[in-house]
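Reading through the structure tokens given below for one structure.
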Amino acid sequence: MGRAKALGGTLLFESLVRKRDFYAGGLMTLLGAAVTLDSMSYEVGTMTHMGPGMFPLMLGVVLTFIGILIFGTALVTPLDPDESILPKQKEWRGWSCIIAGPILFIIAGEFFGMAPAIFACVFVSALGDRTATMKGSLILAAAVTFFGVLLFSYVLHLPFPIFRWGHH
Amino acid sequence: MVETALTDLWYGFGVALEPQNIMWCFVGVLVGNMVGVLPGMGPLATISILLPLTFGIKPVGAILMLSGVFYGAQYGGAICSILLNLPCHPPHAVTCLDGFPLTKRGRGGAALGITVISSFVGASWGITEMIFLAPILVVVALKFGPAEICSLMLLGLLAGSTLARGSPLKGVAMTVCGLLIGIIGSDIETGTPRFTFGIPNLYDGVEIVALALGLFGIAEFMKSVNQLSEVDTKYTHIKIKDLRPTREEFRRAVPAMFRGTLVGSLCALIPGTGPTIASFIAYATEKKISKTPEKFGTGMIEGVASPEASTHSSVQGDFIPTMSLGIPGDAVMALILGALMIQGIVPGPQLISEHPDIFWGLIASFWIGNIILVVLNVPMIGLWVKLLTIPYKYLYPSALFFVCIGVYSTNNDMFQVGETILIGLIGYLLLLLDFHPAPILLGFVLGPRFEENFRRAMLISRGDSLVFIDIKNHPISTFFIALCVLLIVVQIYVRLRKPKALAEELKMNADPNAVAPVEP
């Protein structure tokens, strides 16, 4: 009896950790709780004269409550056998290239100027596509850099030097 | 009433026909039509990218252009659905069902022709509705005190988050997150920095451009990378003369068009039910009243005409609560409202009297824009069809560059770019967890005004939180709160009653790809 119950418990737990709503609810509950706690550090005030902490406090409580409700739906809905929080195809290369592009834009833009920033951003993010080639990405990056500099530097006069050296 | 509206509209045409305004309107609809056609780009991302570029333009031109992108994209989206069976734009997902079979039978051109006519009919009705309805709403709304404004915003937020895509519970969670992001920065009354984590760059709050581009730019690119297959261009050779429908097709499409328009304009009046829901309801209605419902899905012209008319009438109608009450119905409207606020214009019922050039100019530009779109779509159909073949692998890196430089140009500050990357990562995580991030923008845009009015209402009522349901002194506020309660009760009831049918419908809504199985 006890063992069966324990087995049921682990099964429930195992199906639970594969559910999206388990994480979704957990995330919202944690976020709500954090907001609630943090808003106490501001002046809450009274209902008539609300301080800066009152509105966030209310939102924090509401969010915690909704988080628990979402968590609850994870308990009652049956498990979809395919369910997993990561998508079926894991595009680590695509994801990291898309994030790396803008990061390189910041670094190259701070130290070398607009043209290198555009080139680095487009080149690296283009490599995220599985069929992308070095040559194709280089050509795309060069073309976008050319038109980008033309548009933003010469037409829109964005105060961002085309080339520069070192941090400013 | 009618007479003043017509005089104002005449004035609006004067504004919209100024050379620079007509140019911005043209740029807007052209860009909109283009991104509508491109698989993998949507009006949300495009409007966010263009938003920083409008800072230098006068408010009227900026709003005309950004709105043009929105309704222009609807014209383009239909091309994508009908010829490629790719429901890349949710409002047009349902058009695939009968549009693509028509294309396979060689009547794709006629379907597109009918689409252009239906779109124009739907849009015209939506605009007319706005001309007469918005001023009436304003007269009522100007009497609102803080309590009424608060309840109305609550209704708007609740409707916007529960009636849209996905689970209503998660929608509400996203709205609350949006409200919280709106809090970041200095408190309006006391100046206390809230949730700034000690970073001075955050004292002015999160930049709307960074938020929108993170959620609808970076996060969307992460979702779509390597997911869009190469498009099949077998059916995309369409010439102008193919657009003409036969007399029989036209005869069947016209009544469907008007029914769709009616559905769309009704949906526009309910906050939160945007063009996507309108098009689904229109299609379902059409199928229900048809004598041959079993033929739907095999290429019925009614199944194209009705949802398209409905989408367009709802798209134009969406502007009614946004421009007259300052309450946006969906994320696109929230962005347009954000654009107004960046230009220093306070949205709300006073907008029409304080900035008649924006309001009436916008309405007049809708007519002009829709006419431009009809003209653009008929002779240039060949060019639009060519755009369909641009692969996503060239699109997203270029778009990513626009995202970076757009965010940078808002304050000439690299910090914002970093902010966008972080928001994008969080946005993708939320997408993985089945959250739809659109309501975040709604909460973010309305948040500060909501808090301000809430505080004021409480101050006036001396801390009595029952003021919102005080039926004697605040009947309007009570009415809005009652609607909120009704909305929640109906949601719970529907969910407990028909979980299976609803799940299917939701699946269709949440995942437009599920609607149209890809056929060889």
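Letters for chains follow the order of the structure tokens (A, B, ...), residue numbers begin at 1 for each chain, and ligand numbers begin at 1 in the order shown.
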Q) What lies within 7 Å of region 82-92 of chain A using only C-alpha atoms, ignoring chain neighbours under 5 positions off, as a list in words? A)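 The contact residues come out as Arg18, Lys19 and Arg20 of chain A; Leu432 and Leu433 of chain B.
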Could you save those same residues with C-alpha atoms as a CSV table (one decimal), in the first residue's frame?
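File written: part09.csv
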chain,number,residue,atom,x,y,z
A,18,ARG,CA,7.7,17.6,-17.8
A,19,LYS,CA,4.8,20.0,-17.9
A,20,ARG,CA,5.1,23.5,-19.2
B,432,LEU,CA,8.6,28.2,-24.6
B,433,LEU,CA,6.3,28.2,-21.5
**Q.** Test item: chain A residues at most 6 Å from chain B, counting only C-alpha atoms, as number ranges by chain
**A.** A: 20, 24, 47-48, 95, 122, 125-126, 129
Generate a file of the selected residues that holds N, CA and C atoms, formatted as a CSV table (one decimal), in the first residue's frame.
chain,number,residue,atom,x,y,z
A,20,ARG,N,4.8,22.1,-19.1
A,20,ARG,CA,5.1,23.5,-19.2
A,20,ARG,C,4.5,24.3,-18.1
A,24,ALA,N,5.8,27.3,-15.8
A,24,ALA,CA,5.1,28.6,-16.0
A,24,ALA,C,4.5,29.1,-14.7
A,47,MET,N,-4.5,53.4,2.3
A,47,MET,CA,-5.3,53.4,1.1
A,47,MET,C,-5.6,54.8,0.6
A,48,THR,N,-5.8,55.8,1.5
A,48,THR,CA,-6.0,57.1,1.1
A,48,THR,C,-4.8,57.8,0.5
A,95,TRP,N,19.9,29.9,-31.9
A,95,TRP,CA,19.7,30.7,-30.7
A,95,TRP,C,20.9,31.5,-30.3
A,122,VAL,N,25.3,41.4,-38.3
A,122,VAL,CA,24.6,40.7,-39.4
A,122,VAL,C,25.3,39.4,-39.8
A,125,SER,N,24.8,36.7,-36.9
A,125,SER,CA,23.4,36.2,-36.8
A,125,SER,C,23.0,35.4,-38.0
A,126,ALA,N,23.6,35.8,-39.2
A,126,ALA,CA,23.2,35.0,-40.4
A,126,ALA,C,23.7,33.6,-40.3
A,129,ASP,N,21.4,30.3,-39.3
A,129,ASP,CA,20.6,29.5,-40.2
A,129,ASP,C,21.4,28.2,-40.6
(Q) I'd like to know which of A:Leu30, A:Leu127, A:Ile162, A:Val155 is closest to Cys97 (chain A), using only C-alpha atoms. (A)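 Checking each of A:Leu30, A:Leu127, A:Ile162, A:Val155 against Cys97 (chain A), counting only C-alpha atoms, the winner is A:Leu127.
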Q. Of the candidates A:Val124, A:Ala100, A:Ala117, A:Leu31, which one gets nearest to Val149 (chain A) if we count only C-alpha atoms?
A.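 Of the candidates, the smallest distance to Val149 (chain A) is held by A:Ala117.
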Q | Counting only C-alpha atoms, the option among B:Ile345, B:Lys472, B:Leu86, B:Gly447 closest to Gly205 (chain B) | A |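 Residue with the minimum atom-to-atom distance to Gly205 (chain B): B:Gly447.
From CA of Leu228 (chain B) back to CA of Val144 (chain A), the distance works out to 21.9 Å.
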Q. For the atom pair CA of Val35 (chain A) and CA of Ile199 (chain B), what is the interatomic distance in Å to one decimal place?
A.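 A separation of 17.4 Å between them.
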Q: Just the residues within 8 Å of Gly126 (chain B), please, counting only C-alpha atoms, with nothing from its chain fewer than 2 positions along; format it as number ranges by chain.
A: B: 122-124, 128-130, 265, 312-317
Take the residues just selected and output them with C-alpha atoms as a PDB file, in the first residue's frame.
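Output file part-v4.pdb is given in full below:
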ATOM      1  CA  GLY B 122     -14.575  45.943 -44.802  1.00  0.00           C
ATOM      2  CA  ALA B 123     -12.157  48.774 -44.211  1.00  0.00           C
ATOM      3  CA  SER B 124     -14.599  51.379 -45.538  1.00  0.00           C
ATOM      4  CA  THR B 128     -17.301  54.966 -41.252  1.00  0.00           C
ATOM      5  CA  GLU B 129     -18.009  53.356 -37.902  1.00  0.00           C
ATOM      6  CA  MET B 130     -15.076  55.245 -36.400  1.00  0.00           C
ATOM      7  CA  SER B 265     -17.400  45.649 -36.936  1.00  0.00           C
ATOM      8  CA  HIS B 312     -10.242  44.671 -42.317  1.00  0.00           C
ATOM      9  CA  SER B 313     -13.371  46.047 -40.728  1.00  0.00           C
ATOM     10  CA  SER B 314     -12.046  44.951 -37.349  1.00  0.00           C
ATOM     11  CA  VAL B 315      -8.566  46.376 -37.996  1.00  0.00           C
ATOM     12  CA  GLN B 316     -10.024  49.818 -38.665  1.00  0.00           C
ATOM     13  CA  GLY B 317     -12.478  49.467 -35.798  1.00  0.00           C
TER      14      GLY B 317
END
Q: Would you mind listing what lies within 12 Å of Met40 (chain A) as a list in words, with only C-alpha atoms counted and same-chain residues fewer than 3 positions away left out?
A: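 Here the qualifying residues turn out to be Ala33, Ala34, Val35, Thr36, Leu37, Glu43, Val44, Gly45, Gly51, Pro52, Gly53, Met54, Phe55, Pro56, Leu57, Met58, Gly60 and Val61 of chain A; Arg194 and Phe195 of chain B.
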Restrict the selected residues to N, CA and C atoms and save them as a compact mmCIF listing (two decimals), in the first residue's frame.
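Wrote it out as again.txt, contents follow:
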# COMPACT_ATOMS: atom_id res chain seq x y z
N ALA A 33 6.04 36.58 -5.68
CA ALA A 33 6.51 36.62 -4.29
C ALA A 33 7.67 37.61 -4.16
N ALA A 34 8.58 37.58 -5.14
CA ALA A 34 9.73 38.48 -5.08
C ALA A 34 9.26 39.93 -5.12
N VAL A 35 8.29 40.21 -6.02
CA VAL A 35 7.78 41.58 -6.14
C VAL A 35 7.11 42.00 -4.84
N THR A 36 6.31 41.08 -4.28
CA THR A 36 5.61 41.39 -3.03
C THR A 36 6.61 41.78 -1.94
N LEU A 37 7.64 40.95 -1.79
CA LEU A 37 8.63 41.20 -0.75
C LEU A 37 9.37 42.51 -1.01
N GLU A 43 7.86 52.73 0.70
CA GLU A 43 6.83 53.16 1.61
C GLU A 43 5.47 52.74 1.05
N VAL A 44 4.73 51.94 1.83
CA VAL A 44 3.46 51.43 1.32
C VAL A 44 2.35 52.47 1.50
N GLY A 45 2.33 53.15 2.63
CA GLY A 45 1.32 54.19 2.86
C GLY A 45 -0.03 53.61 3.23
N GLY A 51 1.54 55.08 -0.88
CA GLY A 51 2.95 55.32 -1.12
C GLY A 51 3.38 54.60 -2.38
N PRO A 52 4.66 54.76 -2.73
CA PRO A 52 5.15 54.11 -3.95
C PRO A 52 5.11 52.58 -3.89
N GLY A 53 4.98 52.02 -2.70
CA GLY A 53 5.02 50.57 -2.59
C GLY A 53 3.67 49.89 -2.74
N MET A 54 2.57 50.67 -2.61
CA MET A 54 1.25 50.05 -2.56
C MET A 54 0.86 49.32 -3.85
N PHE A 55 1.00 50.01 -4.99
CA PHE A 55 0.56 49.42 -6.26
C PHE A 55 1.37 48.17 -6.59
N PRO A 56 2.72 48.23 -6.50
CA PRO A 56 3.48 46.99 -6.74
C PRO A 56 3.12 45.88 -5.76
N LEU A 57 2.82 46.25 -4.53
CA LEU A 57 2.45 45.23 -3.55
C LEU A 57 1.19 44.49 -4.00
N MET A 58 0.19 45.26 -4.45
CA MET A 58 -1.05 44.65 -4.90
C MET A 58 -0.79 43.76 -6.12
N GLY A 60 1.98 42.34 -6.96
CA GLY A 60 2.75 41.17 -6.53
C GLY A 60 1.85 40.09 -5.97
N VAL A 61 0.89 40.50 -5.13
CA VAL A 61 -0.03 39.52 -4.53
C VAL A 61 -0.87 38.86 -5.62
N ARG B 194 11.85 52.77 -8.30
CA ARG B 194 11.28 51.45 -7.97
C ARG B 194 11.79 50.39 -8.94
N PHE B 195 12.15 49.25 -8.42
CA PHE B 195 12.64 48.10 -9.21
C PHE B 195 13.73 48.50 -10.21
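Counting only C-alpha atoms, the residue from B:Gly40, B:Pro391, B:Gly214, B:Gly61 that sits nearest to Met23 (chain B) is B:Gly61.
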Q: Could you give me, as a PyMOL selection string, each residue of chain A that DSSP assigns to alpha helix (DSSP H) when run on this structure's backbone?
A: chain A and resi 2-16+20-39+54-76+92-111+114-126+134-149
Q: Determine, counting only C-alpha atoms, which protein, DNA and RNA residues have an atom within 10 Å of an atom of Val121 (chain B); residues of the same chain fewer than 5 positions away are not included. Present the result as an NGL selection string.
A: :B and (115-116 or 126 or 254 or 257-258 or 260-261 or 308-310 or 312-313 or 370)
May I have the selected residues written with N, CA and C atoms, as an mmCIF file, in the first residue's frame?
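Output file result-v2.cif follows:
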data_model
loop_
_atom_site.group_PDB
_atom_site.id
_atom_site.type_symbol
_atom_site.label_atom_id
_atom_site.label_comp_id
_atom_site.auth_asym_id
_atom_site.auth_seq_id
_atom_site.Cartn_x
_atom_site.Cartn_y
_atom_site.Cartn_z
ATOM 1 N N THR B 115 -10.304 39.235 -52.526
ATOM 2 C CA THR B 115 -9.732 39.697 -51.266
ATOM 3 C C THR B 115 -9.557 41.207 -51.259
ATOM 4 N N VAL B 116 -9.045 41.731 -52.377
ATOM 5 C CA VAL B 116 -8.827 43.181 -52.431
ATOM 6 C C VAL B 116 -10.160 43.916 -52.299
ATOM 7 N N GLY B 126 -15.449 49.973 -41.491
ATOM 8 C CA GLY B 126 -14.761 50.210 -40.217
ATOM 9 C C GLY B 126 -14.462 51.688 -40.018
ATOM 10 N N VAL B 254 -20.176 38.687 -52.893
ATOM 11 C CA VAL B 254 -20.649 39.972 -52.380
ATOM 12 C C VAL B 254 -21.446 39.858 -51.072
ATOM 13 N N MET B 257 -19.149 39.095 -48.258
ATOM 14 C CA MET B 257 -18.373 40.270 -47.895
ATOM 15 C C MET B 257 -19.103 41.110 -46.863
ATOM 16 N N PHE B 258 -20.404 41.338 -47.119
ATOM 17 C CA PHE B 258 -21.145 42.203 -46.211
ATOM 18 C C PHE B 258 -21.369 41.525 -44.861
ATOM 19 N N GLY B 260 -19.322 39.387 -43.497
ATOM 20 C CA GLY B 260 -18.028 39.458 -42.830
ATOM 21 C C GLY B 260 -17.783 40.833 -42.232
ATOM 22 N N THR B 261 -18.139 41.849 -42.993
ATOM 23 C CA THR B 261 -17.967 43.220 -42.509
ATOM 24 C C THR B 261 -18.738 43.435 -41.222
ATOM 25 N N GLU B 308 -11.855 37.907 -44.832
ATOM 26 C CA GLU B 308 -11.008 39.045 -45.197
ATOM 27 C C GLU B 308 -11.724 40.368 -44.923
ATOM 28 N N ALA B 309 -13.000 40.436 -45.285
ATOM 29 C CA ALA B 309 -13.758 41.660 -45.014
ATOM 30 C C ALA B 309 -13.816 41.898 -43.511
ATOM 31 N N SER B 310 -14.013 40.810 -42.778
ATOM 32 C CA SER B 310 -14.125 40.906 -41.330
ATOM 33 C C SER B 310 -12.831 41.411 -40.701
ATOM 34 N N HIS B 312 -10.512 43.267 -42.033
ATOM 35 C CA HIS B 312 -10.242 44.671 -42.317
ATOM 36 C C HIS B 312 -11.187 45.598 -41.583
ATOM 37 N N SER B 313 -12.452 45.176 -41.447
ATOM 38 C CA SER B 313 -13.371 46.047 -40.728
ATOM 39 C C SER B 313 -12.972 46.092 -39.260
ATOM 40 N N ASN B 370 -6.164 53.141 -47.957
ATOM 41 C CA ASN B 370 -6.831 51.968 -48.515
ATOM 42 C C ASN B 370 -6.936 52.057 -50.032
#
Q: Could you give me, as a PyMOL selection string, the residues within 12 Å of Pro293 (chain B), counting only C-alpha atoms and dropping anything in the same chain fewer than 6 positions from it?
A: chain B and resi 283-287+299-300+302-303
Test item: residues at most 10 Å from Leu158 (chain B), only C-alpha atoms, excluding those fewer than 2 positions along its chain, as an mmCIF file with N, CA and C atoms, in the first residue's frame:
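result_5.cif, freshly written:
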data_model
loop_
_atom_site.group_PDB
_atom_site.id
_atom_site.type_symbol
_atom_site.label_atom_id
_atom_site.label_comp_id
_atom_site.auth_asym_id
_atom_site.auth_seq_id
_atom_site.Cartn_x
_atom_site.Cartn_y
_atom_site.Cartn_z
ATOM 1 N N LEU B 152 -12.626 51.264 -16.345
ATOM 2 C CA LEU B 152 -12.602 51.050 -17.796
ATOM 3 C C LEU B 152 -11.270 50.415 -18.209
ATOM 4 N N MET B 153 -10.168 50.911 -17.610
ATOM 5 C CA MET B 153 -8.859 50.347 -17.934
ATOM 6 C C MET B 153 -8.783 48.898 -17.494
ATOM 7 N N LEU B 154 -9.354 48.622 -16.320
ATOM 8 C CA LEU B 154 -9.352 47.244 -15.828
ATOM 9 C C LEU B 154 -10.074 46.342 -16.813
ATOM 10 N N LEU B 155 -11.238 46.829 -17.312
ATOM 11 C CA LEU B 155 -11.995 46.055 -18.288
ATOM 12 C C LEU B 155 -11.179 45.847 -19.555
ATOM 13 N N GLY B 156 -10.540 46.923 -20.013
ATOM 14 C CA GLY B 156 -9.719 46.830 -21.219
ATOM 15 C C GLY B 156 -8.594 45.826 -21.049
ATOM 16 N N GLY B 160 -8.381 42.401 -23.017
ATOM 17 C CA GLY B 160 -7.222 42.255 -23.885
ATOM 18 C C GLY B 160 -6.398 41.031 -23.555
ATOM 19 N N SER B 161 -6.403 40.618 -22.285
ATOM 20 C CA SER B 161 -5.546 39.488 -21.937
ATOM 21 C C SER B 161 -6.284 38.160 -21.958
ATOM 22 N N THR B 162 -7.615 38.162 -21.748
ATOM 23 C CA THR B 162 -8.299 36.871 -21.685
ATOM 24 C C THR B 162 -8.924 36.465 -23.018
ATOM 25 N N LEU B 163 -9.284 37.454 -23.861
ATOM 26 C CA LEU B 163 -9.960 37.086 -25.101
ATOM 27 C C LEU B 163 -8.971 36.820 -26.231
ATOM 28 N N PRO B 168 -6.445 32.095 -20.842
ATOM 29 C CA PRO B 168 -6.745 33.404 -20.257
ATOM 30 C C PRO B 168 -5.945 33.670 -18.982
ATOM 31 N N GLY B 171 -2.697 34.835 -19.921
ATOM 32 C CA GLY B 171 -2.827 36.188 -20.455
ATOM 33 C C GLY B 171 -2.847 37.218 -19.339
ATOM 34 N N VAL B 172 -3.613 36.914 -18.283
ATOM 35 C CA VAL B 172 -3.676 37.844 -17.154
ATOM 36 C C VAL B 172 -2.301 37.954 -16.496
ATOM 37 N N THR B 175 -0.304 40.298 -18.470
ATOM 38 C CA THR B 175 -0.699 41.691 -18.263
ATOM 39 C C THR B 175 -0.114 42.232 -16.970
ATOM 40 N N PRO B 271 -13.551 45.115 -26.655
ATOM 41 C CA PRO B 271 -12.106 45.254 -26.537
ATOM 42 C C PRO B 271 -11.443 43.886 -26.409
ATOM 43 N N GLY B 272 -10.293 43.751 -27.037
ATOM 44 C CA GLY B 272 -9.564 42.499 -26.897
ATOM 45 C C GLY B 272 -9.808 41.524 -28.020
ATOM 46 N N PRO B 439 0.099 40.724 -24.363
ATOM 47 C CA PRO B 439 -0.522 41.532 -23.299
ATOM 48 C C PRO B 439 0.481 42.295 -22.427
ATOM 49 N N GLY B 443 -0.223 46.048 -20.777
ATOM 50 C CA GLY B 443 -0.046 46.412 -19.376
ATOM 51 C C GLY B 443 0.983 47.513 -19.228
ATOM 52 N N CYS B 484 -16.527 43.241 -16.055
ATOM 53 C CA CYS B 484 -15.308 42.480 -15.736
ATOM 54 C C CYS B 484 -15.678 41.142 -15.097
ATOM 55 N N VAL B 485 -16.583 41.219 -14.114
ATOM 56 C CA VAL B 485 -16.986 39.996 -13.406
ATOM 57 C C VAL B 485 -17.647 39.036 -14.389
ATOM 58 N N LEU B 487 -17.183 38.817 -17.546
ATOM 59 C CA LEU B 487 -16.150 38.280 -18.433
ATOM 60 C C LEU B 487 -15.473 37.074 -17.779
ATOM 61 N N ILE B 488 -15.126 37.231 -16.496
ATOM 62 C CA ILE B 488 -14.437 36.149 -15.789
ATOM 63 C C ILE B 488 -15.367 34.945 -15.640
#
